>>> print(open('upload_26.txt').read())   # compact mmCIF, C-alpha atoms and all ligand atoms
# COMPACT_ATOMS: atom_id res chain seq x y z
CA MET A 1 20.99 -2.10 0.14
CA ALA A 2 17.72 -1.60 -1.67
CA VAL A 3 14.88 -3.97 -0.97
CA ILE A 4 12.77 -4.68 -4.04
CA ARG A 5 9.05 -5.34 -3.76
CA ARG A 6 6.12 -5.49 -6.17
CA CYS A 7 3.52 -2.74 -6.34
CA LEU A 8 -0.02 -4.09 -5.93
CA GLY A 9 -1.28 -1.42 -8.31
CA CYS A 10 0.84 -1.48 -11.47
CA GLN A 11 2.54 -4.81 -10.61
CA SER A 12 5.99 -3.53 -11.40
CA THR A 13 8.83 -3.99 -8.93
CA ASP A 14 10.61 -1.11 -7.26
CA SER A 15 12.71 -0.21 -4.26
CA THR A 16 10.71 -0.09 -1.03
CA ASN A 17 11.98 3.50 -0.74
CA ASN A 18 9.51 4.39 -3.49
CA LEU A 19 6.69 2.25 -2.16
CA LEU A 20 4.14 2.66 0.58
CA ARG A 21 3.94 -0.28 2.98
CA SER A 22 0.66 -1.35 4.51
CA VAL A 23 -0.10 -4.13 6.96
CA ALA A 24 -3.31 -5.76 8.15
CA VAL A 25 -4.24 -5.25 11.80
CA ASP A 26 -7.41 -7.08 12.88
CA HIS A 27 -8.71 -7.25 9.30
CA LYS A 28 -8.10 -3.57 8.82
CA LEU A 29 -5.51 -2.16 6.50
CA VAL A 30 -3.08 0.20 8.21
CA VAL A 31 -0.69 2.41 6.27
CA ASP A 32 2.75 1.83 7.72
CA GLU A 33 4.46 5.16 7.12
CA THR A 34 7.44 4.21 9.27
CA LYS A 35 7.85 0.72 7.71
CA LYS A 36 8.18 -0.62 11.26
CA LEU A 37 4.84 -2.27 11.97
CA PRO A 38 5.08 -6.01 12.55
CA GLY A 39 3.28 -8.58 10.47
CA ARG A 40 2.80 -9.30 6.83
CA GLY A 41 3.10 -6.21 4.69
CA ALA A 42 2.39 -5.41 1.09
CA TYR A 43 3.46 -2.49 -1.03
CA VAL A 44 2.01 0.01 -3.46
CA HIS A 45 3.45 3.05 -5.19
CA ARG A 46 2.79 6.28 -3.38
CA ASN A 47 0.46 7.69 -6.00
CA GLN A 48 -3.25 7.86 -6.56
CA GLU A 49 -3.29 5.70 -9.66
CA CYS A 50 -1.48 2.74 -8.17
CA ILE A 51 -3.45 2.90 -4.91
CA SER A 52 -6.80 3.07 -6.74
CA ARG A 53 -5.79 0.23 -9.01
CA SER A 54 -4.70 -1.97 -6.11
CA LEU A 55 -8.05 -1.33 -4.39
CA GLN A 56 -10.03 -2.06 -7.55
CA ARG A 57 -8.17 -5.32 -8.02
CA LYS A 58 -8.83 -6.18 -4.35
CA ALA A 59 -5.17 -7.05 -4.26
CA TRP A 60 -4.65 -6.32 -0.57
CA GLY A 61 -6.86 -9.05 0.82
CA ARG A 62 -5.01 -11.58 -1.30
CA ALA A 63 -1.53 -10.21 -0.69
CA LEU A 64 -2.05 -10.13 3.06
CA LYS A 65 -3.83 -13.50 3.14
CA ILE A 66 -6.95 -11.98 4.68
CA GLY A 67 -9.41 -12.40 1.82
CA PRO A 68 -12.26 -10.14 0.76
CA GLY A 69 -13.12 -9.16 4.37
CA LEU A 70 -10.20 -6.75 4.62
CA ASP A 71 -11.18 -3.18 5.48
CA CYS A 72 -9.27 -0.90 3.11
CA ASP A 73 -10.68 2.43 4.30
CA ALA A 74 -7.27 3.80 5.25
CA LEU A 75 -5.95 3.44 1.71
CA GLU A 76 -9.20 4.59 0.13
CA ASN A 77 -9.01 7.78 2.15
CA LEU A 78 -5.39 8.19 1.16
CA SER A 79 -6.13 7.73 -2.53
CA ARG A 80 -8.71 10.52 -2.26
CA SER A 81 -6.46 12.76 -0.25
CA THR A 82 -5.04 15.79 -2.01
CA ASP A 83 -1.96 15.55 0.19
CA LEU A 84 -0.85 12.53 -1.77
CA ALA A 85 -0.05 14.61 -4.84
CA LYS A 86 2.27 16.72 -2.72
CA THR A 87 4.03 13.78 -1.10
CA ARG A 88 7.56 13.42 -2.35
CA LEU A 89 8.88 9.99 -3.15
CA ASN A 90 12.00 10.53 -1.13
CA GLY A 91 10.32 12.46 1.65
ZN ZN A 101 2.73 1.07 -8.96
>>> encode(input="upload_26.txt", output="structure tokens")
Amino acid sequence: MAVIRRCLGCQSTDSTNNLLRSVAVDHKLVVDETKKLPGRGAYVHRNQECISRSLQRKAWGRALKIGPGLDCDALENLSRSTDLAKTRLNG
């Protein structure tokens, strides 16, 4: 059964199969590729545009109840990574 979550970038809802989950660990954002990390998670589409938008909106600190002190380096690196363009949604 599909689980539907909201993308922090474009704000549309989608199946978690199409979304990238991230969790906060010690005020640091960690990309949860396996969707198995414990704790509060939030979701963003697996593309550069949605990730950049979510970072610009500072949506992660709010979504994860951390506030502006959240370190989003992991996602910033990912949004700059050329690998992202090659990542398949169903991969
Ligand atoms: Zn999106």
>>> residues_around(input="upload_26.txt", residues="region 5-17 of chain A", least_positions_apart="2", cutoff="9 Å", atoms="all atoms listed in the file", output="VMD selection string")
chain A and resid 2 to 3 19 to 21 42 to 45 49 to 57 59 to 60 63 89 to 90
>>> residues_around(input="upload_26.txt", residues="Ile66 (chain A)", least_positions_apart="4", cutoff="9 Å", atoms="all atoms listed in the file", output="number ranges by chain")
A: 24, 27, 60-62, 70
>>> residues_around(input="upload_26.txt", residues="Leu29 (chain A)", least_positions_apart="3", cutoff="6 Å", atoms="only C-alpha atoms", output="VMD selection string")
chain A and resid 23 to 24 71 to 72
>>> residues_near_point(input="upload_26.txt", point="(-9.1, 10.2, -7.5)", cutoff="7 Å", atoms="all atoms listed in the file", output="number ranges by chain")
A: 48, 79-80
>>> write_last_selection(input="upload_26.txt", atoms="C-alpha atoms", output="short mmCIF file (atom, residue, chain, number, x, y, z; two decimals), in the coordinates of the input")
data_model
loop_
_atom_site.label_atom_id
_atom_site.label_comp_id
_atom_site.auth_asym_id
_atom_site.auth_seq_id
_atom_site.Cartn_x
_atom_site.Cartn_y
_atom_site.Cartn_z
CA GLN A 48 -3.25 7.86 -6.56
CA SER A 79 -6.13 7.73 -2.53
CA ARG A 80 -8.71 10.52 -2.26
#
>>> atom_distance(input="upload_26.txt", atom1="CA of Lys58 (chain A)", atom2="CA of Thr82 (chain A)")
22.4 Å
>>> closest_residue(input="upload_26.txt", among="A:Pro68, A:Ala74, A:Ile4, A:Val25", to="Arg40 (chain A)", atoms="only C-alpha atoms")
A:Val25
>>> atom_distance(input="upload_26.txt", atom1="CA of Arg46 (chain A)", atom2="CA of Val31 (chain A)")
11.0 Å
>>> atom_distance(input="upload_26.txt", atom1="CA of Asn77 (chain A)", atom2="CA of Val30 (chain A)")
11.4 Å
>>> closest_residue(input="upload_26.txt", among="A:Asp32, A:Asn18, A:Met1, A:Lys65", to="ligand ZN 101 (chain A)", atoms="only C-alpha atoms and all ligand atoms")
A:Asn18
